[in-house]
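Source file: run-v1.cif (mmCIF, C-alpha atoms and all ligand atoms)
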```
data_query
#
loop_
_atom_site.label_atom_id
_atom_site.label_comp_id
_atom_site.auth_asym_id
_atom_site.auth_seq_id
_atom_site.Cartn_x
_atom_site.Cartn_y
_atom_site.Cartn_z
CA MET A 85 42.46 122.72 6.19
CA SER A 86 44.70 119.65 6.14
CA ASN A 87 48.27 120.07 5.00
CA HIS A 88 48.54 116.50 3.79
CA HIS A 89 46.49 114.70 1.17
CA LYS A 90 46.79 111.25 -0.31
CA ILE A 91 46.69 112.75 -3.81
CA VAL A 92 47.55 116.34 -4.68
CA ILE A 93 46.81 117.67 -8.17
CA VAL A 94 48.58 120.81 -9.36
CA GLY A 95 46.35 122.77 -11.76
CA GLY A 96 42.57 122.63 -12.12
CA GLY A 97 42.49 123.07 -15.89
CA THR A 98 41.66 120.46 -18.52
CA GLY A 99 44.10 117.81 -17.27
CA GLY A 100 43.75 118.43 -13.53
CA ILE A 101 39.93 118.32 -13.40
CA THR A 102 39.66 115.36 -15.76
CA VAL A 103 42.06 113.31 -13.62
CA ALA A 104 40.45 114.44 -10.36
CA SER A 105 36.99 113.38 -11.56
CA ARG A 106 38.19 109.98 -12.72
CA LEU A 107 40.01 109.38 -9.42
CA ALA A 108 37.03 110.55 -7.37
CA ARG A 109 34.85 108.01 -9.22
CA ALA A 110 37.35 105.19 -8.81
CA LEU A 111 38.25 105.58 -5.13
CA ALA A 112 35.96 104.52 -2.28
CA GLN A 113 37.24 107.26 0.02
CA PRO A 114 39.00 109.84 -2.09
CA ASP A 115 41.39 112.24 -0.37
CA ILE A 116 42.29 114.56 -3.24
CA ALA A 117 43.37 118.21 -3.16
CA ILE A 118 43.45 120.38 -6.28
CA VAL A 119 45.71 123.42 -6.08
CA GLU A 120 44.37 126.00 -8.55
CA PRO A 121 44.67 129.80 -8.24
CA SER A 122 41.96 130.76 -10.75
CA ASP A 123 38.25 130.85 -9.93
CA ARG A 124 37.44 130.47 -13.63
CA HIS A 125 37.87 127.51 -15.95
CA TYR A 126 38.08 128.08 -19.71
CA TYR A 127 37.20 125.89 -22.66
CA GLN A 128 40.05 127.29 -24.75
CA PRO A 129 39.37 125.39 -28.02
CA LEU A 130 36.35 127.60 -28.62
CA TRP A 131 38.47 130.75 -28.57
CA THR A 132 39.18 130.12 -32.27
CA LEU A 133 35.48 130.58 -33.03
CA VAL A 134 35.21 133.55 -30.65
CA GLY A 135 38.02 135.27 -32.58
CA GLY A 136 36.13 134.48 -35.77
CA GLY A 137 32.89 135.93 -34.46
CA ALA A 138 31.14 132.54 -34.41
CA ALA A 139 30.88 132.07 -30.62
CA THR A 140 30.72 134.33 -27.57
CA LYS A 141 33.58 134.49 -25.14
CA GLU A 142 31.18 134.13 -22.21
CA SER A 143 30.23 130.66 -23.49
CA THR A 144 33.83 129.48 -22.94
CA VAL A 145 34.07 130.15 -19.21
CA ARG A 146 32.57 128.50 -16.10
CA PRO A 147 33.24 128.91 -12.38
CA GLU A 148 35.98 126.57 -11.17
CA SER A 149 33.95 125.80 -8.04
CA GLY A 150 31.30 123.97 -10.08
CA LEU A 151 33.86 121.60 -11.58
CA ILE A 152 35.58 120.31 -8.46
CA PRO A 153 34.35 116.70 -8.07
CA ARG A 154 32.82 115.43 -4.85
CA GLY A 155 35.60 113.99 -2.70
CA ALA A 156 38.13 116.60 -3.79
CA THR A 157 39.16 119.76 -1.95
CA TRP A 158 39.97 122.92 -3.91
CA ILE A 159 42.91 124.85 -2.51
CA ARG A 160 42.74 128.28 -4.10
CA ASP A 161 46.46 128.98 -4.20
CA ALA A 162 49.39 128.62 -6.62
CA VAL A 163 52.31 126.24 -6.30
CA VAL A 164 55.68 127.98 -6.30
CA GLU A 165 58.03 125.10 -5.48
CA PHE A 166 58.20 121.31 -5.69
CA GLN A 167 60.15 119.40 -3.02
CA PRO A 168 59.78 115.83 -4.33
CA GLU A 169 62.41 114.36 -1.98
CA GLN A 170 60.18 115.43 0.94
CA ARG A 171 56.94 114.62 -0.96
CA ARG A 172 55.90 118.19 -0.47
CA LEU A 173 55.17 121.40 -2.31
CA VAL A 174 55.16 125.02 -1.31
CA THR A 175 52.46 127.50 -2.29
CA ARG A 176 52.38 131.25 -2.88
CA ASP A 177 50.61 131.75 0.45
CA GLY A 178 53.44 129.90 2.20
CA ARG A 179 51.55 126.66 2.74
CA ARG A 180 53.59 123.42 2.82
CA LEU A 181 51.46 120.69 1.36
CA GLY A 182 52.40 117.03 1.75
CA TYR A 183 51.23 114.21 -0.50
CA ASP A 184 51.56 110.47 -1.07
CA TRP A 185 50.93 110.87 -4.80
CA LEU A 186 51.29 113.92 -6.99
CA VAL A 187 49.71 114.75 -10.38
CA VAL A 188 51.16 117.78 -12.17
CA ALA A 189 49.06 119.67 -14.76
CA PRO A 190 49.67 123.43 -14.59
CA GLY A 191 49.57 123.99 -18.38
CA ILE A 192 51.91 126.04 -20.56
CA GLN A 193 53.19 129.57 -19.95
CA LEU A 194 52.50 132.33 -22.48
CA ASP A 195 55.61 134.50 -22.84
CA TRP A 196 54.09 137.70 -24.29
CA HIS A 197 57.03 139.71 -22.94
CA LYS A 198 59.48 137.89 -25.22
CA ILE A 199 58.17 139.89 -28.19
CA ASP A 200 59.31 143.48 -27.93
CA GLY A 201 56.43 145.93 -27.77
CA LEU A 202 53.71 143.29 -27.85
CA SER A 203 52.26 143.59 -24.35
CA ALA A 204 51.58 147.30 -24.81
CA ALA A 205 50.22 146.86 -28.35
CA LEU A 206 47.86 143.94 -27.72
CA GLY A 207 44.20 144.73 -28.20
CA ARG A 208 44.85 148.02 -30.00
CA ASP A 209 45.20 149.21 -33.58
CA GLY A 210 44.86 145.83 -35.24
CA VAL A 211 47.09 143.78 -32.88
CA CYS A 212 45.23 140.79 -31.41
CA SER A 213 45.53 137.21 -30.20
CA ASN A 214 43.12 134.33 -29.71
CA TYR A 215 45.51 133.05 -27.05
CA SER A 216 44.30 135.63 -24.53
CA PHE A 217 40.81 135.42 -23.05
CA ASP A 218 41.00 139.15 -22.28
CA PHE A 219 41.60 140.10 -25.91
CA VAL A 220 40.04 137.28 -27.92
CA ASP A 221 36.99 139.36 -28.86
CA ARG A 222 39.28 142.06 -30.25
CA THR A 223 40.35 139.59 -32.92
CA TRP A 224 36.84 139.57 -34.37
CA GLU A 225 36.50 143.33 -34.01
CA PHE A 226 39.68 143.86 -36.06
CA ILE A 227 38.86 141.20 -38.68
CA ARG A 228 35.40 142.63 -39.18
CA GLY A 229 36.73 146.17 -39.43
CA LEU A 230 39.42 145.46 -42.04
CA ARG A 231 38.60 146.63 -45.56
CA GLN A 232 42.04 146.66 -47.16
CA GLY A 233 45.75 146.16 -46.49
CA ARG A 234 47.71 143.25 -45.05
CA ALA A 235 46.58 140.76 -42.40
CA ILE A 236 49.43 138.75 -40.84
CA PHE A 237 48.99 135.62 -38.71
CA THR A 238 52.11 134.48 -36.83
CA MET A 239 53.39 131.23 -35.35
CA PRO A 240 56.43 131.25 -32.99
CA ASN A 241 59.51 129.01 -32.84
CA THR A 242 58.50 127.37 -29.54
CA PRO A 243 56.04 124.57 -28.77
CA VAL A 244 52.51 126.00 -28.56
CA LYS A 245 49.20 124.67 -27.32
CA CYS A 246 47.11 123.52 -30.26
CA GLY A 247 49.59 123.75 -33.12
CA GLY A 248 46.76 124.38 -35.58
CA ALA A 249 45.20 127.37 -33.80
CA PRO A 250 47.61 129.97 -35.26
CA GLN A 251 46.32 129.21 -38.76
CA LYS A 252 42.67 128.35 -37.96
CA ILE A 253 41.91 132.01 -37.30
CA MET A 254 43.63 132.91 -40.57
CA TRP A 255 41.27 130.62 -42.52
CA LEU A 256 38.24 132.15 -40.79
CA ALA A 257 39.48 135.67 -41.52
CA GLU A 258 40.17 134.78 -45.16
CA HIS A 259 36.65 133.39 -45.52
CA HIS A 260 35.15 136.45 -43.85
CA PHE A 261 37.06 138.81 -46.17
CA ARG A 262 35.65 136.94 -49.18
CA ARG A 263 32.12 137.00 -47.84
CA ALA A 264 32.43 140.72 -47.10
CA GLY A 265 33.63 141.40 -50.66
CA VAL A 266 37.02 142.82 -49.57
CA ARG A 267 39.27 139.81 -50.20
CA ASP A 268 40.86 141.33 -53.33
CA ALA A 269 42.00 144.33 -51.30
CA ILE A 270 43.60 142.31 -48.50
CA GLU A 271 46.83 140.31 -48.56
CA VAL A 272 46.58 137.34 -46.15
CA VAL A 273 49.98 136.27 -44.81
CA PHE A 274 50.85 133.24 -42.67
CA ALA A 275 54.25 134.07 -41.11
CA SER A 276 55.56 131.03 -39.29
CA ALA A 277 58.86 130.15 -37.66
CA GLY A 278 58.25 126.59 -38.84
CA ALA A 279 59.22 125.08 -42.17
CA LYS A 280 55.81 123.91 -43.36
CA ILE A 281 52.10 124.44 -42.93
CA PHE A 282 51.45 121.34 -40.76
CA ALA A 283 53.55 118.48 -39.41
CA VAL A 284 51.48 115.51 -40.63
CA LYS A 285 51.63 115.02 -44.41
CA LYS A 286 48.11 113.74 -44.89
CA TYR A 287 46.61 116.98 -43.56
CA ALA A 288 49.43 119.22 -44.82
CA ASP A 289 48.56 118.15 -48.38
CA THR A 290 45.03 119.52 -47.98
CA LEU A 291 46.25 122.72 -46.35
CA GLU A 292 48.87 123.33 -49.06
CA ARG A 293 46.17 123.02 -51.69
CA LEU A 294 44.03 125.54 -49.79
CA VAL A 295 46.99 127.92 -49.55
CA ARG A 296 47.21 127.88 -53.37
CA GLU A 297 43.48 128.02 -54.04
CA ARG A 298 42.78 130.81 -51.54
CA ASP A 299 45.87 132.82 -52.41
CA VAL A 300 47.45 132.85 -48.95
CA VAL A 301 51.04 134.11 -48.81
CA THR A 302 53.19 131.80 -46.68
CA ARG A 303 56.42 133.02 -45.15
CA PHE A 304 58.15 130.15 -43.38
CA HIS A 305 61.23 130.47 -41.09
CA HIS A 306 59.85 133.87 -39.96
CA ASN A 307 59.90 134.30 -36.18
CA LEU A 308 58.20 137.41 -34.80
CA ILE A 309 60.51 139.31 -32.43
CA ALA A 310 59.01 142.81 -32.19
CA VAL A 311 55.89 144.87 -32.85
CA ARG A 312 56.12 148.58 -33.64
CA PRO A 313 52.53 149.83 -33.33
CA ALA A 314 53.34 153.45 -34.17
CA SER A 315 54.48 152.50 -37.68
CA ARG A 316 52.38 149.29 -37.83
CA GLU A 317 55.44 147.14 -38.43
CA ALA A 318 56.04 143.53 -37.44
CA VAL A 319 59.70 142.58 -37.10
CA PHE A 320 60.79 139.01 -37.80
CA THR A 321 64.02 137.07 -37.72
CA ARG A 322 64.22 135.04 -40.88
CA ALA A 323 66.46 132.03 -40.29
CA ALA A 324 66.23 129.52 -43.13
CA PRO A 325 68.50 126.46 -42.82
CA GLY A 326 71.93 127.05 -44.35
CA GLN A 327 71.42 130.81 -44.63
CA ALA A 328 72.53 133.67 -42.42
CA ALA A 329 69.73 135.00 -40.21
CA GLU A 330 68.32 138.32 -41.32
CA GLU A 331 65.76 140.81 -40.06
CA VAL A 332 62.54 141.18 -42.06
CA VAL A 333 60.10 144.04 -41.43
CA LEU A 334 56.53 143.71 -42.68
CA LYS A 335 53.85 146.39 -42.52
CA TYR A 336 50.53 145.17 -41.15
CA ASP A 337 46.96 146.38 -40.89
CA LEU A 338 45.93 143.40 -38.78
CA LEU A 339 48.42 141.32 -36.80
CA HIS A 340 47.24 138.14 -35.07
CA VAL A 341 50.01 136.97 -32.76
CA THR A 342 50.57 133.52 -31.33
CA PRO A 343 53.03 134.29 -28.54
CA PRO A 344 56.09 132.19 -27.68
CA MET A 345 55.33 129.63 -24.98
CA GLY A 346 57.27 127.44 -22.59
CA PRO A 347 57.05 125.51 -19.35
CA PRO A 348 55.83 127.57 -16.37
CA ASP A 349 58.83 129.09 -14.55
CA PHE A 350 58.16 127.18 -11.30
CA VAL A 351 58.15 123.93 -13.29
CA ARG A 352 61.25 124.75 -15.36
CA THR A 353 63.38 125.43 -12.29
CA SER A 354 62.12 122.41 -10.33
CA PRO A 355 63.65 118.94 -9.75
CA LEU A 356 60.75 117.51 -11.76
CA ALA A 357 61.85 119.15 -15.02
CA ASP A 358 63.79 117.66 -17.93
CA ALA A 359 66.62 119.55 -19.62
CA ASN A 360 64.09 121.66 -21.55
CA GLY A 361 62.05 122.54 -18.46
CA TRP A 362 59.01 120.28 -19.01
CA ILE A 363 57.84 117.68 -16.45
CA ASP A 364 59.88 114.59 -17.23
CA VAL A 365 57.52 111.63 -17.61
CA ASP A 366 57.66 108.28 -19.36
CA LYS A 367 55.86 108.82 -22.66
CA HIS A 368 53.81 105.62 -22.39
CA SER A 369 52.97 105.40 -18.66
CA LEU A 370 52.91 109.15 -17.76
CA GLN A 371 54.81 108.33 -14.56
CA HIS A 372 57.76 110.56 -13.66
CA ARG A 373 61.09 109.11 -14.73
CA ARG A 374 62.83 109.70 -11.40
CA PHE A 375 60.08 110.16 -8.78
CA SER A 376 57.71 107.20 -8.99
CA ASP A 377 55.08 108.91 -6.83
CA VAL A 378 54.69 111.70 -9.41
CA PHE A 379 52.62 111.65 -12.63
CA ALA A 380 51.96 114.39 -15.18
CA LEU A 381 49.85 115.08 -18.25
CA GLY A 382 48.89 117.89 -20.56
CA ASP A 383 50.73 120.96 -21.77
CA ALA A 384 53.33 121.10 -18.95
CA SER A 385 54.54 117.55 -19.57
CA ASN A 386 57.32 116.54 -21.95
CA LEU A 387 55.10 114.04 -23.79
CA PRO A 388 56.34 114.38 -27.37
CA THR A 389 52.97 115.02 -28.96
CA SER A 390 50.98 118.06 -29.95
CA LYS A 391 49.67 119.85 -26.83
CA THR A 392 45.87 119.67 -26.93
CA GLY A 393 42.83 118.97 -24.80
CA ALA A 394 42.06 116.08 -27.12
CA ALA A 395 45.41 114.52 -26.21
CA ILE A 396 44.52 114.90 -22.53
CA ARG A 397 41.25 113.04 -23.11
CA LYS A 398 43.36 109.98 -23.98
CA GLN A 399 46.14 110.65 -21.45
CA ALA A 400 43.88 110.94 -18.40
CA PRO A 401 42.53 107.34 -18.33
CA VAL A 402 46.06 106.00 -18.79
CA LEU A 403 47.46 108.17 -15.99
CA VAL A 404 44.62 107.24 -13.64
CA ALA A 405 44.92 103.50 -14.34
CA ASN A 406 48.67 103.58 -13.74
CA LEU A 407 48.35 105.73 -10.63
CA LEU A 408 45.72 103.39 -9.13
CA ALA A 409 47.96 100.43 -9.93
CA ALA A 410 50.92 102.11 -8.23
CA MET A 411 48.78 102.89 -5.18
CA ALA A 412 47.87 99.20 -5.00
CA GLY A 413 51.52 98.19 -5.35
CA ARG A 414 51.06 96.75 -8.84
CA PRO A 415 52.93 97.69 -12.01
CA GLY A 416 50.93 99.99 -14.29
CA GLU A 417 49.95 98.45 -17.60
CA ALA A 418 48.03 101.22 -19.34
CA VAL A 419 49.82 102.71 -22.36
CA TYR A 420 49.44 106.10 -24.09
CA HIS A 421 50.42 106.05 -27.76
CA GLY A 422 50.60 109.81 -28.29
CA TYR A 423 47.08 110.32 -29.67
CA THR A 424 46.29 113.97 -30.31
CA SER A 425 43.79 115.79 -32.45
CA CYS A 426 43.64 119.12 -34.18
CA PRO A 427 40.27 120.22 -35.54
CA LEU A 428 41.62 122.44 -38.34
CA VAL A 429 38.94 125.01 -39.01
CA THR A 430 39.44 126.03 -42.64
CA GLY A 431 36.51 128.41 -42.90
CA TYR A 432 32.97 128.93 -41.62
CA GLY A 433 31.30 125.52 -41.84
CA ARG A 434 34.54 123.81 -42.90
CA LEU A 435 36.92 121.65 -40.92
CA VAL A 436 39.67 119.08 -41.47
CA LEU A 437 39.79 116.81 -38.41
CA ALA A 438 43.45 115.84 -37.98
CA GLU A 439 44.03 112.97 -35.54
CA PHE A 440 47.40 111.26 -35.19
CA ASP A 441 49.80 109.46 -32.82
CA TYR A 442 53.44 109.79 -31.68
CA ASP A 443 54.72 108.65 -35.06
CA GLY A 444 52.56 111.06 -37.03
CA ASN A 445 50.37 108.20 -38.23
CA PRO A 446 46.73 109.19 -38.67
CA ALA A 447 44.58 107.75 -35.82
CA GLU A 448 41.15 108.71 -37.11
CA THR A 449 37.80 108.26 -35.39
CA PHE A 450 35.42 108.32 -38.35
CA PRO A 451 35.03 105.88 -41.24
CA PHE A 452 35.72 108.53 -43.92
CA ASP A 453 38.69 110.52 -45.18
CA GLN A 454 39.23 113.13 -42.46
CA ALA A 455 41.70 115.07 -44.61
CA LYS A 456 38.72 116.44 -46.55
CA GLU A 457 37.04 119.64 -45.43
CA ARG A 458 33.65 118.80 -43.93
CA ARG A 459 30.71 120.72 -42.55
CA SER A 460 29.82 117.86 -40.20
CA MET A 461 33.22 118.14 -38.49
CA TYR A 462 32.78 121.91 -38.08
CA LEU A 463 29.44 121.28 -36.38
CA LEU A 464 31.14 118.69 -34.19
CA LYS A 465 33.68 121.27 -33.05
CA LYS A 466 31.19 124.07 -32.56
CA TYR A 467 28.39 122.19 -30.82
CA ALA A 468 29.23 118.61 -29.81
CA LEU A 469 32.79 118.90 -28.45
CA PRO A 470 32.04 121.70 -25.93
CA GLN A 471 29.13 119.62 -24.54
CA MET A 472 31.35 116.54 -24.35
CA TYR A 473 33.98 118.61 -22.55
CA TRP A 474 31.78 120.12 -19.84
CA HIS A 475 29.47 117.16 -19.28
CA GLY A 476 31.62 114.16 -20.17
CA MET A 477 35.37 114.69 -19.97
CA LEU A 478 35.46 117.02 -16.95
CA ARG A 479 33.02 114.74 -15.13
CA GLY A 480 35.35 111.79 -15.65
CA ARG A 481 32.97 110.10 -18.06
CA ALA A 482 34.24 110.50 -21.63
P1 LIG A 501 45.21 124.21 -18.80
O1 LIG A 501 43.88 123.71 -19.21
O2 LIG A 501 45.70 125.48 -19.42
O3 LIG A 501 45.17 124.35 -17.22
C1 LIG A 501 46.27 124.69 -16.44
C2 LIG A 501 45.75 125.15 -15.08
O4 LIG A 501 46.85 125.27 -14.17
C3 LIG A 501 45.10 126.52 -15.17
O5 LIG A 501 43.79 126.45 -14.62
C4 LIG A 501 46.02 127.42 -14.37
O6 LIG A 501 45.33 128.46 -13.68
C5 LIG A 501 46.66 126.43 -13.41
N1 LIG A 501 47.96 126.88 -12.89
C6 LIG A 501 48.86 127.69 -13.50
N2 LIG A 501 49.89 127.93 -12.67
C7 LIG A 501 49.65 127.24 -11.53
C8 LIG A 501 50.35 127.12 -10.31
N3 LIG A 501 51.50 127.76 -10.10
N4 LIG A 501 49.81 126.34 -9.34
C9 LIG A 501 48.63 125.71 -9.53
N5 LIG A 501 47.92 125.79 -10.68
C10 LIG A 501 48.43 126.57 -11.66
N6 LIG A 501 42.85 121.76 -27.75
C11 LIG A 501 42.10 120.87 -28.46
O7 LIG A 501 42.04 119.69 -28.09
N7 LIG A 501 41.43 121.22 -29.60
C12 LIG A 501 41.44 122.51 -30.04
O8 LIG A 501 40.79 122.81 -31.05
C13 LIG A 501 42.19 123.49 -29.31
N8 LIG A 501 42.23 124.77 -29.72
C14 LIG A 501 42.84 125.71 -28.94
C15 LIG A 501 42.79 127.04 -29.33
C16 LIG A 501 43.36 128.03 -28.55
C17 LIG A 501 43.29 129.47 -29.00
C18 LIG A 501 43.97 127.68 -27.32
C19 LIG A 501 44.55 128.74 -26.43
C20 LIG A 501 44.07 126.35 -26.93
C21 LIG A 501 43.51 125.34 -27.74
N9 LIG A 501 43.57 123.99 -27.39
C22 LIG A 501 42.89 123.06 -28.14
C23 LIG A 501 44.52 123.54 -26.34
C24 LIG A 501 43.89 123.13 -25.02
O9 LIG A 501 43.05 124.13 -24.53
C25 LIG A 501 45.04 122.85 -24.03
O10 LIG A 501 45.96 121.95 -24.61
C26 LIG A 501 44.55 122.26 -22.72
O11 LIG A 501 43.62 123.13 -22.10
C27 LIG A 501 45.73 121.98 -21.80
O12 LIG A 501 45.28 121.48 -20.56
P2 LIG A 501 46.22 121.58 -19.27
O13 LIG A 501 45.45 120.98 -18.16
O14 LIG A 501 47.57 121.05 -19.57
O15 LIG A 501 46.37 123.15 -19.05
#
```
Could you show the structure in this file as structure tokens?
Amino acid sequence: MSNHHKIVIVGGGTGGITVASRLARALAQPDIAIVEPSDRHYYQPLWTLVGGGAATKESTVRPESGLIPRGATWIRDAVVEFQPEQRRLVTRDGRRLGYDWLVVAPGIQLDWHKIDGLSAALGRDGVCSNYSFDFVDRTWEFIRGLRQGRAIFTMPNTPVKCGGAPQKIMWLAEHHFRRAGVRDAIEVVFASAGAKIFAVKKYADTLERLVRERDVVTRFHHNLIAVRPASREAVFTRAAPGQAAEEVVLKYDLLHVTPPMGPPDFVRTSPLADANGWIDVDKHSLQHRRFSDVFALGDASNLPTSKTGAAIRKQAPVLVANLLAAMAGRPGEAVYHGYTSCPLVTGYGRLVLAEFDYDGNPAETFPFDQAKERRSMYLLKKYALPQMYWHGMLRGRA
């Protein structure tokens, strides 16, 4: 196997495969290597519906081998070090891989260990998370089994992938409790380290109304720091602006945790990182700010937008156009304006399709008010978007 490729892509997830497919289509003689340790590729957006019992977890996974485009080589290994001065990276198996052009897309790291007691508690006695493929079906098991008590849904104080996912599962659970006739016996709590329900006002207005109408208890400025499964207690730091931080302990019967997240360690400690540890790219061109032969997209980048697959769908064509221009010695002219989307599931058959740009301005696709809950948008998420993902986006077509 060659130890030098014209283009090396780090990560064969949403961003890596989408870019690889677009490049493979555009180049007459592609010489692309994708470094990806996992033999499975996940469509993570559907995990929300798996946790809500409306999709199977098997339907969200496909073999990685079937997604590698013709003209690309899959190197089943993990990158451990970037050496951009030498145009080289080092892998876990000790391989030194040279490149002319590098695309970085290794995703975000889930820091389960940063919450005391969580790793041991996950998947047992009411503690669950849609953010883990291994445990996502437990979420539904625990929601379905709950007849009374308190169900808490948390959101951490770090960036997360899909900022809406921590509350989507809460809305599904709330709807299920009503349908099962147990809603009056269950307190539904959204405990978030943030200050409000959603960042963009247009959609936040709808969600705030739903909070009132559906009797959801919101506890903002609450950051989960520990889980005590023996006593079924969740421990939070409450740190409201202008007030001294205090510890708050809440009993739970169901605890859905969104773990803290951050840049992968090997990215954070690399010369490619910004001060916060994310890959440091220009927010319009997606080219690295210091190493012009490096590009990045997706969750590991420091693009100041919400980290979603939908954002990557708009980032990938821009990155590819600017990379091809750079390879031809021309300045890149494609511009990314920060588009991202959050299909906010607000119940079974209900969805608010939030779409917005860097400035938080709505950037909607459909000619109707997307801040309204709609069944059509739920069907879009459940049926159309997965098909578009597997057959369009990952094939470099949509
Ligand atoms: P990923 O797709 O996570 O891929 C990263 C890849 O890099 C992985 O395959 C990994 O194995 C690989 N990798 C890791 N370390 C290394 C290494 N050292 N070397 C080489 N490769 C490595 N998005 C939406 O658009 N809409 C939604 O409704 C939505 N809902 C979501 C709900 C949940 C519960 C979750 C978890 C996510 C959701 N997302 C949603 C977010 C979306 O899935 C991610 O934003 C997207 O997959 C990020 O793509 P990525 O390529 O940056 O990272």
Q. Using all atoms listed in the file, which residues sit within 12 Å of Phe452 of chain A once same-chain residues fewer than 5 positions away are excluded, as an NGL selection string?
A. :A and (436-437 or 457-458 or 460-461)
Q.
I'd like the contact shell of Thr449 of chain A - 12 Å cut-off, all atoms listed in the file, skipping same-chain residues fewer than 6 positions apart - returned as JSON, numbers by chain.
A. {"A": [423, 424, 425, 437, 438, 439, 440, 461]}
Q. Taking all atoms listed in the file into account, which residues are within 6 Å of ligand LIG 501 (chain A), as a PyMOL selection string?
A. chain A and resi 94-100+119-122+128-129+131-132+162-164+189-191+214-215+245-246+249+382-384+391-394+426-427
Q: Within 10 Å of Leu478 of chain A, counting all atoms listed in the file, which residues show up once you throw out same-chain ones fewer than 6 positions away? Write them as an MDAnalysis selection string, please.
A: chainID A and resid 97:106 151:153 397 472
Q: Scan for residues within 8 Å of the point (35.7, 134.3, -29.8) in the coordinates of the file, using all atoms listed in the file, and reply as a PyMOL selection string.
A: chain A and resi 130-141+214+220-221+223-224
Env of Leu370 of chain A: 7 Å cut, atoms = all atoms listed in the file, seq-sep filter 3 positions within chain, self excluded. Answer as a PDB file with C-alpha atoms, in the frame of the given file.
```pdb
ATOM      1  CA  VAL A 365      57.520 111.630 -17.610  1.00  0.00           C
ATOM      2  CA  ASP A 366      57.660 108.280 -19.360  1.00  0.00           C
ATOM      3  CA  LYS A 367      55.860 108.820 -22.660  1.00  0.00           C
ATOM      4  CA  PHE A 379      52.620 111.650 -12.630  1.00  0.00           C
ATOM      5  CA  ALA A 380      51.960 114.390 -15.180  1.00  0.00           C
ATOM      6  CA  LEU A 381      49.850 115.080 -18.250  1.00  0.00           C
ATOM      7  CA  LEU A 403      47.460 108.170 -15.990  1.00  0.00           C
TER       8      LEU A 403
END
```
Listed atoms of segment 319-332 of chain A boxed axis-aligned with 6 Å per side, centre + edges as lines of an AutoDock Vina configuration file:
```
center_x = 66.1
center_y = 134.5
center_z = -40.9
size_x = 24.8
size_y = 28.1
size_z = 19.5
```
Q.
Calculated over only C-alpha atoms, which of the candidates A:Ser376, A:Gln327, A:Ser315, A:Asn241 has the smallest distance to Arg171 of chain A?
A. A:Ser376
Q: Using atom CA of Asp184 of chain A and atom CA of Thr389 of chain A as the two end points, give the distance in Å to one decimal.
A: 28.3 Å
(Q) As an exercise, work out the distance from atom CA of Met345 of chain A to atom CA of Asn307 of chain A in Å and give it to one decimal place. (A)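 Separating atom CA of Met345 of chain A from atom CA of Asn307 of chain A is a distance of 13.0 Å.
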Q: Go ahead and compute the interatomic distance for atom CA of Ile159 of chain A and atom CA of Ile91 of chain A, in Å to one decimal.
A: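 Spanning atom CA of Ile159 of chain A to atom CA of Ile91 of chain A is a straight-line distance of 12.7 Å.
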**Q.** Counting all atoms listed in the file, the option among A:Asp209, A:Asp195, A:Glu165, A:Asp349 closest to Pro240 of chain A
**A.**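 Between A:Asp209, A:Asp195, A:Glu165, A:Asp349, the residue approaching Pro240 of chain A most closely is A:Asp195.
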(Q) Considering all atoms listed in the file, can you say which of A:Leu173, A:Met85, A:Ala288, A:Leu107 comes closest to Leu408 of chain A? (A)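 Of the candidates, the smallest distance to Leu408 of chain A is held by A:Leu107.
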Q. Pick the closest to Tyr473 of chain A from A:Ile199, A:Phe226, A:Arg434, A:Tyr127: which is it, counting all atoms listed in the file?
A.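 Under the stated criterion, the closest residue is A:Tyr127.
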Which protein, DNA or RNA residues are at most 9 Å from (50.4, 136.0, -38.7) in the file's coordinates when you count all atoms listed in the file, listed as a tab-separated table (two decimals) with C-alpha atoms, in the coordinates of the input?
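In the end it all went to selection16.tsv:
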```
chain	number	residue	atom	x	y	z
A	235	ALA	CA	46.58	140.76	-42.40
A	236	ILE	CA	49.43	138.75	-40.84
A	237	PHE	CA	48.99	135.62	-38.71
A	238	THR	CA	52.11	134.48	-36.83
A	239	MET	CA	53.39	131.23	-35.35
A	250	PRO	CA	47.61	129.97	-35.26
A	251	GLN	CA	46.32	129.21	-38.76
A	254	MET	CA	43.63	132.91	-40.57
A	272	VAL	CA	46.58	137.34	-46.15
A	273	VAL	CA	49.98	136.27	-44.81
A	274	PHE	CA	50.85	133.24	-42.67
A	275	ALA	CA	54.25	134.07	-41.11
A	276	SER	CA	55.56	131.03	-39.29
A	308	LEU	CA	58.20	137.41	-34.80
A	338	LEU	CA	45.93	143.40	-38.78
A	339	LEU	CA	48.42	141.32	-36.80
A	340	HIS	CA	47.24	138.14	-35.07
A	341	VAL	CA	50.01	136.97	-32.76
A	342	THR	CA	50.57	133.52	-31.33
```
Q. Any idea what's packed within 9 Å of Ala279 of chain A, counting only C-alpha atoms, ignoring anything in its chain fewer than 4 positions away? Could you give it as a ChimeraX atom specification?
A. /A:303-305,324
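Counting all atoms listed in the file, the residue from A:Asp289, A:Pro114, A:Val188, A:Ser149 that sits nearest to Ala357 of chain A is A:Val188.
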Q | Nearest candidate to Ile281 of chain A (options A:Ala482, A:Leu428, A:Leu111, A:Leu356; using all atoms listed in the file) | A |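 When distances to Ile281 of chain A are compared using all atoms listed in the file, the smallest one comes from A:Leu428.
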